[in-house]
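The structure file final-v2.txt is reproduced below (compact mmCIF, N, CA and C atoms).
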# COMPACT_ATOMS: atom_id res chain seq x y z
N GLN A 2 0.84 -1.18 0.00
CA GLN A 2 0.00 0.00 0.00
C GLN A 2 0.88 1.24 0.00
N VAL A 3 0.55 2.16 -0.88
CA VAL A 3 1.32 3.39 -0.98
C VAL A 3 0.77 4.42 -0.01
N GLN A 4 1.65 5.02 0.77
CA GLN A 4 1.24 6.07 1.69
C GLN A 4 2.10 7.30 1.49
N LEU A 5 1.47 8.45 1.55
CA LEU A 5 2.15 9.72 1.40
C LEU A 5 1.91 10.55 2.66
N VAL A 6 2.96 11.14 3.17
CA VAL A 6 2.84 11.96 4.38
C VAL A 6 3.56 13.28 4.13
N GLU A 7 2.79 14.37 4.22
CA GLU A 7 3.35 15.70 4.05
C GLU A 7 3.77 16.28 5.39
N SER A 8 4.73 17.19 5.33
CA SER A 8 5.16 17.92 6.52
C SER A 8 5.74 19.25 6.08
N GLY A 9 5.93 20.14 7.06
CA GLY A 9 6.58 21.41 6.78
C GLY A 9 5.67 22.62 6.74
N GLY A 10 4.38 22.40 6.86
CA GLY A 10 3.47 23.52 6.85
C GLY A 10 3.58 24.35 8.12
N GLY A 11 2.92 25.49 8.13
CA GLY A 11 2.94 26.34 9.31
C GLY A 11 2.36 27.70 9.04
N LEU A 12 2.53 28.57 10.02
CA LEU A 12 2.04 29.95 9.94
C LEU A 12 3.23 30.86 9.70
N VAL A 13 3.18 31.60 8.60
CA VAL A 13 4.26 32.51 8.26
C VAL A 13 3.68 33.85 7.83
N GLN A 14 4.56 34.83 7.66
CA GLN A 14 4.14 36.14 7.20
C GLN A 14 4.37 36.25 5.69
N ALA A 15 3.65 37.16 5.09
CA ALA A 15 3.82 37.41 3.66
C ALA A 15 5.29 37.73 3.37
N GLY A 16 5.80 37.12 2.29
CA GLY A 16 7.19 37.31 1.92
C GLY A 16 8.13 36.24 2.45
N ASP A 17 7.66 35.47 3.42
CA ASP A 17 8.48 34.40 3.99
C ASP A 17 8.53 33.19 3.06
N SER A 18 9.32 32.21 3.49
CA SER A 18 9.46 30.96 2.73
C SER A 18 9.11 29.77 3.60
N LEU A 19 8.69 28.71 2.94
CA LEU A 19 8.46 27.43 3.58
C LEU A 19 8.90 26.33 2.63
N ARG A 20 9.32 25.22 3.20
CA ARG A 20 9.64 24.05 2.38
C ARG A 20 8.79 22.88 2.85
N LEU A 21 7.94 22.42 1.98
CA LEU A 21 7.12 21.25 2.27
C LEU A 21 7.84 19.99 1.81
N SER A 22 7.66 18.93 2.59
CA SER A 22 8.22 17.64 2.23
C SER A 22 7.11 16.61 2.15
N CYS A 23 7.33 15.61 1.31
CA CYS A 23 6.38 14.51 1.18
C CYS A 23 7.19 13.22 1.12
N VAL A 24 6.98 12.37 2.10
CA VAL A 24 7.67 11.08 2.11
C VAL A 24 6.68 10.00 1.67
N VAL A 25 7.14 9.15 0.77
CA VAL A 25 6.29 8.10 0.21
C VAL A 25 6.80 6.74 0.69
N SER A 26 5.90 5.92 1.14
CA SER A 26 6.26 4.57 1.54
C SER A 26 5.40 3.56 0.80
N GLY A 27 5.90 2.35 0.68
CA GLY A 27 5.14 1.28 0.07
C GLY A 27 5.57 0.92 -1.34
N ARG A 28 6.02 1.88 -2.09
CA ARG A 28 6.49 1.65 -3.46
C ARG A 28 7.57 2.68 -3.79
N PRO A 29 8.53 2.34 -4.62
CA PRO A 29 9.49 3.35 -5.08
C PRO A 29 8.77 4.39 -5.93
N ILE A 30 9.11 5.65 -5.74
CA ILE A 30 8.39 6.71 -6.47
C ILE A 30 8.95 6.96 -7.85
N ALA A 31 10.00 6.23 -8.22
CA ALA A 31 10.69 6.50 -9.49
C ALA A 31 9.75 6.40 -10.69
N ASN A 32 8.69 5.59 -10.58
CA ASN A 32 7.77 5.40 -11.70
C ASN A 32 6.51 6.23 -11.58
N TYR A 33 6.48 7.18 -10.65
CA TYR A 33 5.30 7.99 -10.43
C TYR A 33 5.56 9.44 -10.82
N VAL A 34 4.59 10.03 -11.47
CA VAL A 34 4.56 11.48 -11.57
C VAL A 34 4.06 11.99 -10.22
N MET A 35 4.74 12.97 -9.69
CA MET A 35 4.38 13.50 -8.37
C MET A 35 3.85 14.92 -8.50
N GLY A 36 2.81 15.21 -7.76
CA GLY A 36 2.21 16.54 -7.84
C GLY A 36 1.93 17.12 -6.47
N TRP A 37 1.78 18.41 -6.45
CA TRP A 37 1.30 19.14 -5.25
C TRP A 37 0.02 19.86 -5.64
N PHE A 38 -0.97 19.74 -4.80
CA PHE A 38 -2.23 20.44 -4.94
C PHE A 38 -2.48 21.22 -3.66
N ARG A 39 -3.43 22.13 -3.71
CA ARG A 39 -3.81 22.85 -2.50
C ARG A 39 -5.30 23.12 -2.49
N GLN A 40 -5.84 23.28 -1.29
CA GLN A 40 -7.25 23.57 -1.14
C GLN A 40 -7.41 24.76 -0.20
N PRO A 41 -7.66 25.94 -0.77
CA PRO A 41 -7.88 27.13 0.06
C PRO A 41 -9.19 26.99 0.84
N PRO A 42 -9.34 27.74 1.89
CA PRO A 42 -10.57 27.66 2.69
C PRO A 42 -11.81 27.92 1.84
N GLY A 43 -12.77 27.02 1.89
CA GLY A 43 -14.03 27.19 1.18
C GLY A 43 -13.96 26.99 -0.32
N LYS A 44 -12.83 26.50 -0.81
CA LYS A 44 -12.68 26.32 -2.26
C LYS A 44 -12.34 24.88 -2.60
N VAL A 45 -12.37 24.57 -3.89
CA VAL A 45 -12.04 23.23 -4.32
C VAL A 45 -10.52 23.05 -4.38
N ARG A 46 -10.10 21.79 -4.39
CA ARG A 46 -8.69 21.49 -4.50
C ARG A 46 -8.18 21.90 -5.88
N GLU A 47 -7.00 22.51 -5.90
CA GLU A 47 -6.47 23.01 -7.16
C GLU A 47 -5.03 22.58 -7.37
N PHE A 48 -4.67 22.47 -8.63
CA PHE A 48 -3.32 22.08 -9.00
C PHE A 48 -2.31 23.18 -8.68
N VAL A 49 -1.15 22.78 -8.18
CA VAL A 49 -0.07 23.73 -7.92
C VAL A 49 1.12 23.45 -8.85
N THR A 50 1.63 22.22 -8.78
CA THR A 50 2.81 21.89 -9.57
C THR A 50 2.97 20.39 -9.67
N LEU A 51 3.78 19.95 -10.63
CA LEU A 51 4.08 18.52 -10.77
C LEU A 51 5.49 18.35 -11.30
N ILE A 52 5.98 17.13 -11.16
CA ILE A 52 7.31 16.81 -11.64
C ILE A 52 7.27 15.39 -12.21
N ASN A 53 7.94 15.19 -13.33
CA ASN A 53 7.89 13.87 -13.95
C ASN A 53 8.91 12.93 -13.30
N TRP A 54 8.99 11.73 -13.84
CA TRP A 54 9.73 10.66 -13.18
C TRP A 54 11.21 10.99 -12.98
N SER A 55 11.80 11.62 -13.99
CA SER A 55 13.24 11.85 -13.97
C SER A 55 13.62 13.27 -13.58
N SER A 56 12.64 14.07 -13.21
CA SER A 56 12.83 15.49 -12.87
C SER A 56 13.20 16.33 -14.09
N SER A 57 13.05 15.80 -15.28
CA SER A 57 13.40 16.55 -16.48
C SER A 57 12.30 17.50 -16.92
N ASN A 58 11.11 17.34 -16.33
CA ASN A 58 9.99 18.18 -16.74
C ASN A 58 9.14 18.53 -15.53
N THR A 59 8.84 19.81 -15.41
CA THR A 59 7.95 20.29 -14.35
C THR A 59 6.89 21.19 -14.96
N HIS A 60 5.86 21.41 -14.19
CA HIS A 60 4.76 22.27 -14.65
C HIS A 60 4.18 22.98 -13.44
N TYR A 61 3.89 24.27 -13.59
CA TYR A 61 3.39 25.07 -12.48
C TYR A 61 2.13 25.81 -12.89
N THR A 62 1.24 26.00 -11.94
CA THR A 62 0.13 26.89 -12.18
C THR A 62 0.67 28.32 -12.23
N ASP A 63 0.03 29.17 -12.98
CA ASP A 63 0.58 30.51 -13.23
C ASP A 63 0.82 31.31 -11.96
N SER A 64 -0.03 31.15 -10.98
CA SER A 64 0.05 31.99 -9.78
C SER A 64 1.28 31.71 -8.92
N VAL A 65 1.95 30.59 -9.15
CA VAL A 65 3.13 30.27 -8.33
C VAL A 65 4.42 30.26 -9.13
N LYS A 66 4.35 30.46 -10.41
CA LYS A 66 5.55 30.45 -11.25
C LYS A 66 6.54 31.52 -10.77
N GLY A 67 7.79 31.09 -10.65
CA GLY A 67 8.84 32.00 -10.19
C GLY A 67 8.95 32.10 -8.68
N ARG A 68 7.98 31.54 -7.96
CA ARG A 68 8.02 31.58 -6.49
C ARG A 68 8.14 30.19 -5.88
N PHE A 69 7.54 29.20 -6.50
CA PHE A 69 7.57 27.83 -5.98
C PHE A 69 8.47 26.96 -6.85
N THR A 70 9.11 25.98 -6.22
CA THR A 70 9.96 25.04 -6.94
C THR A 70 9.70 23.63 -6.42
N ILE A 71 9.37 22.74 -7.33
CA ILE A 71 9.17 21.34 -6.96
C ILE A 71 10.45 20.57 -7.28
N SER A 72 10.76 19.59 -6.44
CA SER A 72 11.90 18.72 -6.68
C SER A 72 11.60 17.35 -6.08
N ARG A 73 12.41 16.39 -6.46
CA ARG A 73 12.20 15.04 -5.95
C ARG A 73 13.54 14.36 -5.76
N ASP A 74 13.57 13.41 -4.84
CA ASP A 74 14.74 12.58 -4.59
C ASP A 74 14.25 11.14 -4.63
N ASN A 75 14.39 10.51 -5.77
CA ASN A 75 13.86 9.15 -5.92
C ASN A 75 14.56 8.16 -4.99
N ALA A 76 15.83 8.40 -4.72
CA ALA A 76 16.56 7.48 -3.83
C ALA A 76 15.99 7.50 -2.42
N ARG A 77 15.45 8.64 -2.02
CA ARG A 77 14.90 8.78 -0.67
C ARG A 77 13.37 8.71 -0.66
N ASN A 78 12.79 8.53 -1.85
CA ASN A 78 11.32 8.50 -1.93
C ASN A 78 10.69 9.77 -1.37
N MET A 79 11.28 10.90 -1.74
CA MET A 79 10.83 12.18 -1.20
C MET A 79 10.51 13.15 -2.33
N VAL A 80 9.55 14.01 -2.08
CA VAL A 80 9.20 15.10 -2.97
C VAL A 80 9.16 16.37 -2.13
N TYR A 81 9.59 17.47 -2.71
CA TYR A 81 9.67 18.73 -1.97
C TYR A 81 8.96 19.84 -2.72
N LEU A 82 8.51 20.81 -1.96
CA LEU A 82 7.95 22.02 -2.55
C LEU A 82 8.54 23.20 -1.80
N GLN A 83 9.45 23.91 -2.46
CA GLN A 83 10.04 25.12 -1.91
C GLN A 83 9.14 26.29 -2.29
N MET A 84 8.65 26.98 -1.28
CA MET A 84 7.73 28.09 -1.51
C MET A 84 8.36 29.38 -1.01
N ASP A 85 8.65 30.27 -1.91
CA ASP A 85 9.26 31.56 -1.57
C ASP A 85 8.28 32.69 -1.85
N SER A 86 8.56 33.84 -1.28
CA SER A 86 7.72 35.03 -1.48
C SER A 86 6.24 34.69 -1.29
N LEU A 87 5.95 34.06 -0.19
CA LEU A 87 4.58 33.62 0.05
C LEU A 87 3.62 34.80 0.19
N LYS A 88 2.41 34.57 -0.26
CA LYS A 88 1.36 35.60 -0.24
C LYS A 88 0.17 35.06 0.57
N PRO A 89 -0.65 35.95 1.10
CA PRO A 89 -1.83 35.48 1.84
C PRO A 89 -2.71 34.55 1.01
N GLU A 90 -2.76 34.76 -0.29
CA GLU A 90 -3.60 33.92 -1.14
C GLU A 90 -3.03 32.51 -1.33
N ASP A 91 -1.83 32.26 -0.83
CA ASP A 91 -1.27 30.91 -0.85
C ASP A 91 -1.78 30.08 0.33
N THR A 92 -2.52 30.70 1.23
CA THR A 92 -3.06 29.99 2.37
C THR A 92 -3.97 28.85 1.92
N ALA A 93 -3.66 27.64 2.38
CA ALA A 93 -4.41 26.46 1.95
C ALA A 93 -3.87 25.24 2.66
N VAL A 94 -4.60 24.15 2.53
CA VAL A 94 -4.04 22.84 2.88
C VAL A 94 -3.35 22.32 1.63
N TYR A 95 -2.11 21.92 1.78
CA TYR A 95 -1.31 21.45 0.65
C TYR A 95 -1.22 19.92 0.69
N TYR A 96 -1.48 19.33 -0.47
CA TYR A 96 -1.50 17.88 -0.60
C TYR A 96 -0.46 17.40 -1.60
N CYS A 97 0.19 16.33 -1.25
CA CYS A 97 1.11 15.63 -2.14
C CYS A 97 0.32 14.49 -2.80
N ALA A 98 0.62 14.21 -4.07
CA ALA A 98 -0.11 13.17 -4.78
C ALA A 98 0.82 12.43 -5.74
N ALA A 99 0.48 11.17 -6.01
CA ALA A 99 1.28 10.33 -6.90
C ALA A 99 0.41 9.72 -7.98
N SER A 100 0.92 9.73 -9.20
CA SER A 100 0.18 9.19 -10.33
C SER A 100 0.94 8.04 -10.98
N ARG A 101 0.22 6.95 -11.26
CA ARG A 101 0.83 5.80 -11.93
C ARG A 101 0.72 5.91 -13.44
N ARG A 102 0.06 6.90 -13.94
CA ARG A 102 -0.15 7.02 -15.38
C ARG A 102 1.14 7.37 -16.09
N THR A 103 1.15 7.12 -17.39
CA THR A 103 2.40 7.29 -18.15
C THR A 103 2.23 8.20 -19.35
N TYR A 104 1.39 9.21 -19.23
CA TYR A 104 1.26 10.17 -20.34
C TYR A 104 2.55 10.97 -20.46
N SER A 105 3.01 11.15 -21.66
CA SER A 105 4.25 11.91 -21.85
C SER A 105 4.01 13.41 -21.72
N ASP A 106 2.81 13.85 -21.99
CA ASP A 106 2.48 15.27 -21.88
C ASP A 106 2.12 15.57 -20.42
N VAL A 107 2.98 16.28 -19.74
CA VAL A 107 2.79 16.50 -18.31
C VAL A 107 1.55 17.34 -18.00
N THR A 108 1.04 18.08 -18.97
CA THR A 108 -0.14 18.90 -18.69
C THR A 108 -1.37 18.04 -18.41
N TYR A 109 -1.32 16.78 -18.76
CA TYR A 109 -2.42 15.86 -18.44
C TYR A 109 -2.57 15.69 -16.93
N TYR A 110 -1.53 15.97 -16.19
CA TYR A 110 -1.50 15.66 -14.77
C TYR A 110 -1.94 16.82 -13.89
N THR A 111 -2.63 17.80 -14.46
CA THR A 111 -3.07 18.93 -13.65
C THR A 111 -4.42 18.68 -12.99
N GLY A 112 -5.08 17.60 -13.33
CA GLY A 112 -6.37 17.29 -12.72
C GLY A 112 -6.23 16.29 -11.59
N THR A 113 -7.08 16.46 -10.58
CA THR A 113 -7.00 15.56 -9.42
C THR A 113 -7.29 14.12 -9.81
N SER A 114 -8.07 13.89 -10.86
CA SER A 114 -8.44 12.53 -11.24
C SER A 114 -7.27 11.74 -11.82
N MET A 115 -6.19 12.42 -12.15
CA MET A 115 -5.01 11.75 -12.70
C MET A 115 -4.17 11.07 -11.62
N TYR A 116 -4.47 11.32 -10.37
CA TYR A 116 -3.63 10.85 -9.28
C TYR A 116 -4.29 9.72 -8.52
N ASP A 117 -3.47 8.76 -8.14
CA ASP A 117 -3.96 7.54 -7.50
C ASP A 117 -3.78 7.52 -5.99
N TYR A 118 -2.83 8.28 -5.51
CA TYR A 118 -2.53 8.27 -4.08
C TYR A 118 -2.37 9.71 -3.58
N TRP A 119 -2.86 9.94 -2.37
CA TRP A 119 -2.85 11.27 -1.79
C TRP A 119 -2.39 11.22 -0.34
N GLY A 120 -1.73 12.30 0.06
CA GLY A 120 -1.42 12.46 1.47
C GLY A 120 -2.58 13.08 2.21
N GLN A 121 -2.39 13.28 3.50
CA GLN A 121 -3.46 13.82 4.33
C GLN A 121 -3.48 15.34 4.36
N GLY A 122 -2.42 15.95 3.85
CA GLY A 122 -2.36 17.39 3.75
C GLY A 122 -1.62 18.05 4.89
N THR A 123 -1.07 19.23 4.62
CA THR A 123 -0.42 20.04 5.64
C THR A 123 -0.87 21.48 5.45
N GLN A 124 -1.19 22.14 6.58
CA GLN A 124 -1.75 23.49 6.52
C GLN A 124 -0.64 24.52 6.35
N VAL A 125 -0.85 25.42 5.40
CA VAL A 125 0.02 26.58 5.22
C VAL A 125 -0.85 27.82 5.37
N THR A 126 -0.47 28.68 6.30
CA THR A 126 -1.20 29.92 6.54
C THR A 126 -0.24 31.08 6.41
N VAL A 127 -0.58 32.02 5.54
CA VAL A 127 0.26 33.18 5.30
C VAL A 127 -0.49 34.42 5.73
N SER A 128 0.04 35.11 6.71
CA SER A 128 -0.60 36.33 7.20
C SER A 128 -0.07 37.55 6.46
N ALA A 129 -0.93 38.55 6.36
CA ALA A 129 -0.55 39.76 5.62
C ALA A 129 0.44 40.61 6.40

Just give me the structure of the file as structure tokens.
Amino acid sequence: QVQLVESGGGLVQAGDSLRLSCVVSGRPIANYVMGWFRQPPGKVREFVTLINWSSSNTHYTDSVKGRFTISRDNARNMVYLQMDSLKPEDTAVYYCAASRRTYSDVTYYTGTSMYDYWGQGTQVTVSA
């Protein structure tokens, strides 16, 4: 059974940085596309970023481009989300997700239905 556990969330001020981590157990992540999603208060879960198997391709939602960076360490079964220049609108529960699909076009992976495994989420709160 594949399990994902996020950590690193917290309460920060606008302009600060946070680094989220996601540890995966049960299967090697080398064959999974990994993504980060978030769910702001009262809103639906939304795509943030993803990274392909070899880290050769990433994709970001426009609102985080230039501020967030996704990375992965397949040897450690870890995925990271470096979040810089945080804004109050980044406040959300952040979820790590893994996809077993093998589409070469990474833009296919922006929907929640593309992912097979999810973590429980970690809260990020950014104050003004």

Kindly indicate which residue among A:Gly122, A:Ile30, A:Asp17, A:Tyr81 lies nearest to Tyr96 (chain A), using all atoms listed in the file for the distances.
A:Gly122

What is the distance, in Å and to one decimal place, between CA of Trp37 (chain A) and CA of Tyr95 (chain A)?
6.9 Å

Grab the CA of Arg101 (chain A) to CA of Ser26 (chain A) distance for me, in Å with one decimal place.
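A separation of 14.6 Å between them.
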
Figure out the distance between atom N of Arg102 (chain A) and atom N of Tyr33 (chain A), please, to one decimal in Å.
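Taking atom N of Tyr33 (chain A) and atom N of Arg102 (chain A), their separation equals 7.2 Å.
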
With only N, CA and C atoms as the atoms that count, which of A:Val49, A:Gln124, A:Gly43, A:Ser8 lies nearest to Val65 (chain A)?
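Ranked by minimum distance to Val65 (chain A), first place goes to A:Val49.
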
Which residues come within 6.5 Å of Ala15 (chain A), counting all atoms listed in the file, excluding same-chain residues fewer than 4 positions away, as a list in words?
Ser86, Leu87, Lys88, Pro89, Val127, Ser128 and Ala129 of chain A

Helix (DSSP H, G or I) residues, from DSSP on the backbone, in region 51-127 of chain A, as a PyMOL selection string
chain A and resi 63-65+89-91+107-111+113-115

Which is closer to Tyr61 (chain A) than all the others in A:Trp119, A:Glu90, A:Phe48, A:Val3, using all atoms listed in the file?
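Distance minimum relative to Tyr61 (chain A) lands on A:Phe48.
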
Given the point (4.0, 18.5, -8.1) in the file's coordinates, find the residues that have an atom at most 5 Å from it, counting all atoms listed in the file, and give them as an NGL selection string.
:A and (35-37 or 50-52)

Hey, which of A:Gln121, A:Gln14, A:Ser56, A:Ser22 ends up closest to Val80 (chain A)? Count all atoms listed in the file.
A:Ser22

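Of the residues listed (A:Thr111, A:Asn78, A:Thr126, A:Asn32), A:Thr126 shows the shortest atom-to-atom separation from Ala93 (chain A); distances use all atoms listed in the file.
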
Which residue out of A:Thr70, A:Ser114, A:Ser64, A:Thr92 has the minimum interatomic distance to Arg39 (chain A) when only C-alpha atoms are used?
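The answer is A:Thr92, which sits nearest to Arg39 (chain A).
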
Residue list (strand (DSSP E or B), DSSP) for chain A, as a ChimeraX atom specification
/A:4-8,11-14,19-26,34-40,47-52,59-61,69-74,79-84,93-100,118-119,123-128

If we count all atoms listed in the file and set the cut-off at 8 Å, which residues sit around Gly27 (chain A), ignoring sequence neighbours fewer than 4 positions away in its own chain? Please answer as a PyMOL selection string.
chain A and resi 2-5
